[in-house]
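Peer 1: Sharing a structure below in structure tokens format, with a few things to ask.
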Amino acid sequence: MDINDDKVILIGSGGHALSLAEFSPVEITGYFSKRENPELPGEWLGNDEDALMFADKSVGVHMAFVYHGFPRMEQRRKLIERYKDSGWRFKTLVASSSIITKHSKIGEGSAIMNGVIINRARIGDNCVINTGVIIEHDCEIGKNTFIGPGAVVGGSVKIGKNCFIGLGVKITNGITIGDNISVALGSNVTRNLEEPGIYHGPDLKLFRFKD
């Protein structure tokens with residue numbers, strides 16, 4: 001089934017959803033959320049359970065929920081899968097103020113926010129590349145990865161899936177960051193990160209996730 005190119009439904013109603021509404025190149029006709037947010041455009045359509053039973057899926061959705069509590073992308077990943085399994089298609093949103101070079105690739109359902117520069121890089125599905133991020137040449141960003149405002153990703157960096165890169169993080173050229181890794185805000189990443197968990201502090205100390 002083809003989706004309407006001129007409209008989108010958001011999943012979530014928090015701060016990230018409001019930021020998306022500021023630049024969305026298409027009409028936001030509604031949103032799914034636990035509660036109504038009168039600041040969002042469009043109609044409150046119910047919660048996630050209502051969305052999964054929604055009959056009309058001709059309008060694409062966009063995941064505006066990032067995380068709750070701990071900066072970990074697992075909950076978001078599971079929610080994306082539930083929507084996909086129920087037949088929803090995800091729509092990519094790209095701010096007109098972003099700069100994306102012609103040989104870059106942007107995955108389905110990703111958000112490219114205001115002031116982003118992407119230079120010959122590959123961005124996976126359902127990523128969030130937040131305000132003012134710079135991603136340099138030959139980088140690969142895995143699906144469902146969030147890169148926070150003002151982060152700088154040097155050339156030939158590989159970031160896995162389901163990662164959270166905090167505000168202002170700087171990643172040196174050629175670094176590899178594995179799947180399911182979070183990097184705390186303001187960190188400088190100068191070595192490869194392989195084990196899942198949160199890396200924080202000047203020495204990037206690992207705090208392992210608890211299931």
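Labels used: A, B, ... for chains in the order of the structure tokens, numbers from 1 for residues in each chain, and numbers from 1 for ligands as shown.
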For the alpha helix (DSSP H) assignment from backbone DSSP, which residues of region 7-169 of chain A qualify? Please present them as an MDAnalysis selection string.
Peer 2: chainID A and resid 15:23 48:52 74:85
Peer 1: Applying 9 Å and only C-alpha atoms, which residues near His137 (chain A) remain after dropping the ones on its own chain fewer than 3 positions away? List them as a PyMOL selection string.
Peer 2: chain A and resi 104+118-121+154-157
Peer 1: Could you check how far CA of Ser13 (chain A) sits from CA of Tyr199 (chain A), in Å to one decimal?
Peer 2: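 Separation between CA of Ser13 (chain A) and CA of Tyr199 (chain A): 28.4 Å.
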Peer 1: Using DSSP on the backbone coordinates, identify the residues of region 96-203 of chain A assigned to strand (DSSP E); present them as a PyMOL selection string.
Peer 2: chain A and resi 99-100+105-106+111-112+117-118+122-123+128-129+134-135+140-141+146-147+152-153+158-159+164-165+170-171+176-177+181-183+188-189+197-200
Peer 1: Selected residues, N, CA, C and O atoms, written as a compact mmCIF listing (two decimals), in the first residue's frame, please.
Peer 2:
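After the write, result.txt holds the following:
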```txt
# COMPACT_ATOMS: atom_id res chain seq x y z
N ILE A 99 21.90 20.22 5.47
CA ILE A 99 22.70 20.05 4.25
C ILE A 99 23.07 18.57 4.14
O ILE A 99 23.78 18.04 5.00
N ILE A 100 22.60 17.94 3.09
CA ILE A 100 22.86 16.52 2.86
C ILE A 100 23.46 16.38 1.46
O ILE A 100 22.79 16.70 0.48
N LYS A 105 23.08 8.74 2.01
CA LYS A 105 21.87 7.93 1.99
C LYS A 105 21.17 8.05 3.35
O LYS A 105 21.81 7.90 4.40
N ILE A 106 19.87 8.32 3.32
CA ILE A 106 19.08 8.48 4.53
C ILE A 106 18.03 7.38 4.58
O ILE A 106 17.23 7.22 3.66
N ALA A 111 14.87 11.08 11.12
CA ALA A 111 14.64 12.52 11.26
C ALA A 111 15.97 13.23 11.14
O ALA A 111 16.91 12.94 11.88
N ILE A 112 16.04 14.18 10.22
CA ILE A 112 17.22 15.02 10.04
C ILE A 112 16.79 16.43 10.44
O ILE A 112 16.03 17.08 9.74
N ILE A 117 24.56 18.77 9.08
CA ILE A 117 25.39 18.60 7.88
C ILE A 117 25.78 17.13 7.78
O ILE A 117 26.39 16.58 8.70
N ILE A 118 25.41 16.50 6.68
CA ILE A 118 25.77 15.10 6.42
C ILE A 118 26.55 15.06 5.11
O ILE A 118 26.01 15.42 4.06
N ARG A 122 26.11 7.34 5.33
CA ARG A 122 24.93 6.49 5.26
C ARG A 122 24.26 6.46 6.62
O ARG A 122 24.89 6.10 7.63
N ILE A 123 22.98 6.82 6.64
CA ILE A 123 22.19 6.87 7.86
C ILE A 123 21.13 5.77 7.78
O ILE A 123 20.39 5.68 6.79
N VAL A 128 17.67 9.40 14.54
CA VAL A 128 17.46 10.82 14.82
C VAL A 128 18.82 11.50 14.76
O VAL A 128 19.71 11.18 15.55
N ILE A 129 18.97 12.39 13.81
CA ILE A 129 20.19 13.19 13.69
C ILE A 129 19.78 14.60 14.12
O ILE A 129 19.14 15.33 13.37
N ILE A 134 27.12 17.33 12.92
CA ILE A 134 27.96 17.21 11.73
C ILE A 134 28.40 15.75 11.61
O ILE A 134 28.98 15.20 12.55
N ILE A 135 28.11 15.14 10.48
CA ILE A 135 28.55 13.77 10.20
C ILE A 135 29.39 13.82 8.93
O ILE A 135 28.91 14.17 7.86
N GLU A 140 29.04 5.48 8.71
CA GLU A 140 27.88 4.60 8.65
C GLU A 140 27.20 4.61 10.02
O GLU A 140 27.84 4.30 11.03
N ILE A 141 25.92 4.96 10.03
CA ILE A 141 25.15 5.04 11.27
C ILE A 141 24.07 3.97 11.22
O ILE A 141 23.24 3.96 10.30
N PHE A 146 20.33 7.46 17.84
CA PHE A 146 20.08 8.87 18.14
C PHE A 146 21.41 9.57 18.31
O PHE A 146 22.27 9.12 19.08
N ILE A 147 21.60 10.68 17.59
CA ILE A 147 22.80 11.50 17.74
C ILE A 147 22.35 12.88 18.21
O ILE A 147 21.61 13.57 17.51
N VAL A 152 29.68 15.94 16.86
CA VAL A 152 30.53 15.96 15.67
C VAL A 152 31.08 14.55 15.47
O VAL A 152 31.75 14.00 16.35
N VAL A 153 30.82 13.99 14.30
CA VAL A 153 31.25 12.63 13.98
C VAL A 153 32.27 12.73 12.85
O VAL A 153 31.95 13.13 11.73
N LYS A 158 32.07 4.40 12.27
CA LYS A 158 30.96 3.44 12.19
C LYS A 158 30.28 3.37 13.55
O LYS A 158 30.93 3.07 14.55
N ILE A 159 29.00 3.66 13.57
CA ILE A 159 28.19 3.59 14.78
C ILE A 159 27.12 2.53 14.55
O ILE A 159 26.41 2.56 13.54
N PHE A 164 22.87 5.54 21.43
CA PHE A 164 22.50 6.89 21.86
C PHE A 164 23.79 7.68 22.05
O PHE A 164 24.60 7.35 22.91
N ILE A 165 23.97 8.71 21.22
CA ILE A 165 25.17 9.56 21.28
C ILE A 165 24.71 10.91 21.83
O ILE A 165 23.93 11.62 21.19
N LYS A 170 31.98 14.30 20.70
CA LYS A 170 32.89 14.38 19.56
C LYS A 170 33.55 13.01 19.36
O LYS A 170 34.09 12.44 20.31
N ILE A 171 33.48 12.51 18.13
CA ILE A 171 34.00 11.19 17.81
C ILE A 171 35.10 11.33 16.77
O ILE A 171 34.89 11.85 15.68
N THR A 176 35.07 3.02 15.72
CA THR A 176 33.92 2.12 15.61
C THR A 176 33.23 2.03 16.97
O THR A 176 33.88 1.78 17.98
N ILE A 177 31.92 2.24 16.96
CA ILE A 177 31.08 2.09 18.16
C ILE A 177 30.09 0.98 17.87
O ILE A 177 29.35 1.02 16.87
N ILE A 181 24.97 0.87 22.38
CA ILE A 181 25.88 1.64 23.21
C ILE A 181 25.37 3.07 23.35
O ILE A 181 24.89 3.67 22.38
N SER A 182 25.46 3.59 24.57
CA SER A 182 25.14 4.99 24.84
C SER A 182 26.41 5.71 25.27
O SER A 182 27.21 5.16 26.02
N VAL A 183 26.60 6.94 24.77
CA VAL A 183 27.75 7.75 25.13
C VAL A 183 27.23 9.03 25.77
O VAL A 183 26.42 9.75 25.18
N ASN A 188 34.42 12.85 24.64
CA ASN A 188 35.31 12.78 23.48
C ASN A 188 35.68 11.32 23.27
O ASN A 188 36.32 10.70 24.14
N VAL A 189 35.28 10.76 22.16
CA VAL A 189 35.52 9.34 21.89
C VAL A 189 36.74 9.21 20.98
O VAL A 189 36.70 9.58 19.81
N GLY A 197 26.41 -0.79 26.79
CA GLY A 197 26.32 -0.07 28.06
C GLY A 197 26.46 1.41 27.84
O GLY A 197 26.47 1.89 26.70
N ILE A 198 26.57 2.16 28.94
CA ILE A 198 26.76 3.61 28.88
C ILE A 198 28.22 3.94 29.19
O ILE A 198 28.75 3.50 30.21
N TYR A 199 28.84 4.71 28.32
CA TYR A 199 30.21 5.17 28.52
C TYR A 199 30.15 6.64 28.94
O TYR A 199 29.51 7.46 28.28
N HIS A 200 30.86 6.96 30.04
CA HIS A 200 30.76 8.33 30.56
C HIS A 200 32.07 8.73 31.22
O HIS A 200 32.92 7.89 31.55
```
Peer 1: Taking into account only C-alpha atoms, which residue in the set A:Asn37, A:Gly115, A:Tyr31, A:Gly46 is nearest to Pro149 (chain A)?
Peer 2: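 Of A:Asn37, A:Gly115, A:Tyr31, A:Gly46, the one nearest Pro149 (chain A), counting only C-alpha atoms, is A:Gly115.
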Peer 1: If you count only C-alpha atoms, which residues fall within 10 Å of His16 (chain A), apart from same-chain ones fewer than 3 positions away, as a PyMOL selection string?
Peer 2: chain A and resi 12-13+19-22+63-66+128+130
Peer 1: Excluding same-chain residues fewer than 4 positions from Gly178 (chain A), what lies within 7 Å of it counting only C-alpha atoms, as a PyMOL selection string?
Peer 2: chain A and resi 159-160+193-195
Peer 1: Between A:Cys163, A:Ala95, A:Ile175, A:Leu52, which one has atoms that come closest to Arg82 (chain A), using only C-alpha atoms?
Peer 2: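 Answer, going by the shortest atom-to-atom distance: A:Leu52.
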Peer 1: Taking into account only C-alpha atoms, which residue in the set A:Ala151, A:Ala51, A:Leu93, A:Leu79 is nearest to Asp5 (chain A)?
Peer 2: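 Answer, going by the shortest atom-to-atom distance: A:Leu93.
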Peer 1: Considering only C-alpha atoms, can you say which of A:Gly15, A:Gly132, A:Pro25, A:Asn144 comes closest to Gly168 (chain A)?
Peer 2: A:Gly132
Peer 1: For Asn126 (chain A), please output as a ChimeraX atom specification all residues within 7 Å (counting only C-alpha atoms; exclusion window: fewer than 4 positions along the same chain).
Peer 2: /A:107-110,143-144
Peer 1: Which is closer to Lys84 (chain A) than all the others in A:Lys7, A:Lys205, A:His62, A:Lys161, using only C-alpha atoms?
Peer 2: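 Distance minimum relative to Lys84 (chain A) lands on A:His62.
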Peer 1: Excluding region 85-87 of chain A and any residue of its chain fewer than 5 positions from it, enumerate the residues within 12 Å of it, using only C-alpha atoms, and give them as a list of chain:residue names.
Peer 2: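 Selected residues are A:Met1, A:Asp2, A:Ile3, A:Asp48, A:Glu49, A:Asp50, A:Ala51, A:Leu52, A:Met53, A:Phe54, A:Ala55, A:Asp56, A:Lys57, A:Ser58, A:Val59, A:Gly60, A:Val61, A:Lys78, A:Leu79, A:Ile80.
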Peer 1: Work out how far apart CA of Val26 (chain A) and CA of Arg89 (chain A) are and give it in Å to one decimal.
Peer 2: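 If I compute the distance from CA of Val26 (chain A) to CA of Arg89 (chain A), I get 15.4 Å.
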